[in-house]
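Here the structure is laid out as structure tokens; the discussion comes afterwards.
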Amino acid sequence: MNFYRDATWVLEFLEKEDAKGKISGSMQSIVLKSCKIYKVQSNPKHIYAVMASCWKYKPYLETIMKKSGILNNIPKKNGKPRFERLTILLLCHDLLFSKSKRIQMGKHPLKEYVLKYKTSLRSEMVKLQVKMKLKSWGDLISSQDDANDITPVRWFRINPIRTPLSKGVEGILEELEKKFPTRVDHWSKIEQGTIYHDEFIPNLFGVHTKDKITSHELYKQGKIIIQDRASCFPAHVLNPGKDDIVIDSCAAPGNKTTHTAAYILGGPSKDQKIQIHAFEKDPERAKVLQKMVRTAGCARTIEVNVGDFTKIATPEKFKNVTGFIVDPSCSGSGIFGRKFIDTLNKKKEGEDVDEDDESESIPVEQDEEFSKKDDLKTRLSKLASFQFQVVKHAMTFPKARKLVYSTCSIHAEENERVVIDLLLDETIKKAGWRVANREKVIPTWPRRGWVDEFKEVFRDDEEKCKEIAGGCIRALPKEDGGIGFFAVCFERDI
């Protein structure tokens with residue numbers, strides 16, 4: 001019953017946000033925010049899983065419940081309904097739409113009350129399905145998912161730190177071949193049961209989204225890590241060696257951090273020492289980061305620091321740092337997981353829903369920093385200023401000679417224009433920083449930075465604009481097999 005109580009609070013919060021006219025953020029960020037507000041005891045991941053499904057079915061559930069009469073005869077206590085409407089809805093969801101078709105609680109008056117209407121509920125469910133001309137309810141939800149933002153590929157990488165000493169990476173490949181015997185030569189050809197070996201990132205693979213990776217023992221043991229291909233660009237471009245010391249300035253949840261560790265360590269190591277300083281200002285996200293680091297087997301290589309990188313990381317304290325991963329908060333316009341909420345918002349406003357329309361919502365972690373009254377241009381300007389300051393601070397560290405700046409945004413304001421501002425800054429110019437040439441930044445990747453953005457500033461030097469754009473990488477959401485992304489590599493000689 002505790003789980004349904006917690007889930008009811010979260011669902012109430014979501015309903016209140018919905019009643020305001022427009023929901024801000026992704027479903028995941030809203031659920032996590034409400035879990036913090038109500039200090040729920042249940043696992044937020046479990047609540048999110050139920051909420052993501054329940055919210056999609058909610059309008060149909062409400063119709064089914066109304067027709068069944070389950071809301072008309074709720075027993076009362078002291079003149080008030082004994083059971084809450086939304087708690088009943090959650091139980092009905094599990095009874096009708098969950099995989100097990102069961103209410104996940106022991107003997108309880110609420111469960112007994114809902115089960116009294118089991119036959120009526122299922123009858124009304126079938127009637128509605130016939131009326132809507134659906135072969136199955138799964139088809140309806142699948143079509144909604146497809147119209148929103150389900151990633152076209154499930155990407156994962158081999159974690160060499162957890163590979164067996166006897167067989168190394170080859171041993172993991174042998175296990176993968178058992179599950180995915182058919183190999184395809186391009187991610188767009190992936191079907192269930194097939195696997196694609198990525199041509200750009202070593203030991204990265206793509207499979208169909210319906211192939212369950214999380215249930216595989218390799219995943220549970222930390223030998224493979226789910227990570228979008230574009231998210232692998234920063235560590236691969238930084239390419240730190242065994243003697244490098246790296247700072248990941250905005251590290252949670254930890255995929256880029258642990259990927260960086262994989263490059264430094266190369267494989268299983270008994271002689272790990274602190275070579276990566278990871279910073280995360282949010283204590284809850286820092287816990288996620290710490291768990292990820294332990295799972296990946298590099299807890300003795302990565303030191304997690306809880307706090308604002310620009311305030312607690314000083315050049316004097318970390319004077320031996322040679323490289324940086326800087327992936328600060330951004331608009332998230334290239335990320336999957338927000339368009340479902342955006343679709344709901346647009347339907348409310350009577351707008352036509354464009355499947356390819358980008359999300360303009362700001363993640364919850366930035367809600368306090370940026371007013372909801374700000375338009376997109378203002379929000380992007382504030383974000384770009386913040387991103388510039390984080391990178392500039394990283395560039396003050398005395399022995400740093402390579403830095404990768406990245407965002408999961410498709411907006412030039414957060415990408416090329418931040419690069420321009422950095423290149424024009426006198427302090428940064430004096431420090432010798434420049435954009436690395438294309439040969440050092442995944443040269444065969446076809447989509448590069450936008451040359452026209454650089455032409456706006458460096459008008460008299462087209463060749464320079466092309467060179468700077470060549471040191472930048474762009475990935476388009478879906479079209480390039482995953483999230484939208486931007487990365488640029490800065491370097492200097494010291």
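Naming scheme: A, B, ... for chains in displayed order of the structure tokens; residues 1 onward per chain; ligands 1 onward as shown.
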
Residues within 9 Å of Ser249 in chain A, only C-alpha atoms, excluding chain neighbours under 6 positions, as a JSON list (two decimals) with N, CA and C atoms, in the first residue's frame:
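Saved result, around32.json, follows:
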```
[["chain", "number", "residue", "atom", "x", "y", "z"],
["A", 277, "HIS", "N", 38.64, 13.58, -11.31],
["A", 277, "HIS", "CA", 37.91, 14.32, -10.28],
["A", 277, "HIS", "C", 36.56, 14.71, -10.89],
["A", 278, "ALA", "N", 35.50, 14.07, -10.40],
["A", 278, "ALA", "CA", 34.16, 14.31, -10.93],
["A", 278, "ALA", "C", 33.39, 15.24, -10.01],
["A", 279, "PHE", "N", 32.74, 16.25, -10.58],
["A", 279, "PHE", "CA", 32.00, 17.23, -9.80],
["A", 279, "PHE", "C", 30.51, 17.18, -10.13],
["A", 280, "GLU", "N", 29.69, 17.25, -9.09],
["A", 280, "GLU", "CA", 28.23, 17.30, -9.25],
["A", 280, "GLU", "C", 27.66, 18.12, -8.10],
["A", 308, "ASP", "N", 29.54, 22.86, -6.55],
["A", 308, "ASP", "CA", 29.65, 23.60, -7.80],
["A", 308, "ASP", "C", 31.10, 23.64, -8.26],
["A", 309, "PHE", "N", 31.37, 23.09, -9.42],
["A", 309, "PHE", "CA", 32.73, 23.03, -9.96],
["A", 309, "PHE", "C", 33.40, 24.40, -10.00],
["A", 310, "THR", "N", 32.67, 25.42, -10.40],
["A", 310, "THR", "CA", 33.27, 26.75, -10.54],
["A", 310, "THR", "C", 33.63, 27.38, -9.19],
["A", 313, "ALA", "N", 36.37, 23.90, -7.21],
["A", 313, "ALA", "CA", 37.54, 23.42, -7.93],
["A", 313, "ALA", "C", 38.40, 24.62, -8.32],
["A", 324, "PHE", "N", 39.97, 18.01, -19.58],
["A", 324, "PHE", "CA", 38.64, 18.32, -19.06],
["A", 324, "PHE", "C", 37.54, 17.75, -19.95],
["A", 325, "ILE", "N", 36.49, 17.25, -19.29],
["A", 325, "ILE", "CA", 35.19, 17.00, -19.92],
["A", 325, "ILE", "C", 34.25, 18.04, -19.33],
["A", 326, "VAL", "N", 33.70, 18.91, -20.18],
["A", 326, "VAL", "CA", 32.79, 19.95, -19.71],
["A", 326, "VAL", "C", 31.46, 19.78, -20.44],
["A", 327, "ASP", "N", 30.49, 19.23, -19.73],
["A", 327, "ASP", "CA", 29.17, 18.97, -20.31],
["A", 327, "ASP", "C", 28.12, 19.58, -19.36],
["A", 328, "PRO", "N", 28.00, 20.91, -19.35],
["A", 328, "PRO", "CA", 27.13, 21.57, -18.37],
["A", 328, "PRO", "C", 25.65, 21.48, -18.72],
["A", 390, "VAL", "N", 31.55, 28.25, -17.22],
["A", 390, "VAL", "CA", 32.08, 26.95, -16.77],
["A", 390, "VAL", "C", 33.32, 26.58, -17.59],
["A", 394, "ALA", "N", 37.41, 26.32, -16.48],
["A", 394, "ALA", "CA", 38.24, 25.12, -16.72],
["A", 394, "ALA", "C", 39.52, 25.47, -17.46]]
```

>> Env of range 225-227 of chain A: 8 Å cut, atoms = only C-alpha atoms, seq-sep filter 6 positions within chain, self excluded. Answer as a ChimeraX atom specification.
In response: /A:154-159,219,255

As an mmCIF file with N, CA, C and O atoms, in the first residue's frame, please: every residue in range 154-215 of chain A that DSSP puts in alpha helix (DSSP H).
```cif
data_model
loop_
_atom_site.group_PDB
_atom_site.id
_atom_site.type_symbol
_atom_site.label_atom_id
_atom_site.label_comp_id
_atom_site.auth_asym_id
_atom_site.auth_seq_id
_atom_site.Cartn_x
_atom_site.Cartn_y
_atom_site.Cartn_z
ATOM 1 N N VAL A 169 38.205 -8.107 -23.853
ATOM 2 C CA VAL A 169 37.034 -7.677 -24.614
ATOM 3 C C VAL A 169 36.489 -8.800 -25.484
ATOM 4 O O VAL A 169 35.279 -8.912 -25.692
ATOM 5 N N GLU A 170 37.370 -9.644 -25.975
ATOM 6 C CA GLU A 170 36.941 -10.751 -26.846
ATOM 7 C C GLU A 170 35.957 -11.676 -26.137
ATOM 8 O O GLU A 170 35.037 -12.214 -26.746
ATOM 9 N N GLY A 171 36.152 -11.847 -24.826
ATOM 10 C CA GLY A 171 35.237 -12.688 -24.063
ATOM 11 C C GLY A 171 33.831 -12.107 -24.024
ATOM 12 O O GLY A 171 32.841 -12.843 -24.105
ATOM 13 N N ILE A 172 33.738 -10.773 -23.913
ATOM 14 C CA ILE A 172 32.434 -10.111 -23.924
ATOM 15 C C ILE A 172 31.800 -10.240 -25.302
ATOM 16 O O ILE A 172 30.591 -10.481 -25.434
ATOM 17 N N LEU A 173 32.614 -10.084 -26.347
ATOM 18 C CA LEU A 173 32.099 -10.205 -27.717
ATOM 19 C C LEU A 173 31.515 -11.593 -27.980
ATOM 20 O O LEU A 173 30.492 -11.728 -28.645
ATOM 21 N N GLU A 174 32.164 -12.598 -27.423
ATOM 22 C CA GLU A 174 31.655 -13.963 -27.585
ATOM 23 C C GLU A 174 30.267 -14.112 -26.963
ATOM 24 O O GLU A 174 29.379 -14.756 -27.532
ATOM 25 N N GLU A 175 30.085 -13.510 -25.781
ATOM 26 C CA GLU A 175 28.775 -13.558 -25.126
ATOM 27 C C GLU A 175 27.722 -12.804 -25.927
ATOM 28 O O GLU A 175 26.578 -13.240 -26.043
ATOM 29 N N LEU A 176 28.104 -11.665 -26.483
ATOM 30 C CA LEU A 176 27.159 -10.873 -27.273
ATOM 31 C C LEU A 176 26.736 -11.601 -28.549
ATOM 32 O O LEU A 176 25.588 -11.505 -28.980
ATOM 33 N N GLU A 177 27.664 -12.329 -29.141
ATOM 34 C CA GLU A 177 27.356 -13.058 -30.370
ATOM 35 C C GLU A 177 26.329 -14.159 -30.134
ATOM 36 O O GLU A 177 25.569 -14.521 -31.036
ATOM 37 N N LYS A 178 26.300 -14.681 -28.914
ATOM 38 C CA LYS A 178 25.301 -15.706 -28.592
ATOM 39 C C LYS A 178 23.896 -15.113 -28.603
ATOM 40 O O LYS A 178 22.943 -15.751 -29.047
ATOM 41 N N LYS A 179 23.769 -13.887 -28.095
ATOM 42 C CA LYS A 179 22.463 -13.223 -28.035
ATOM 43 C C LYS A 179 22.111 -12.560 -29.363
ATOM 44 O O LYS A 179 20.950 -12.505 -29.763
#
```
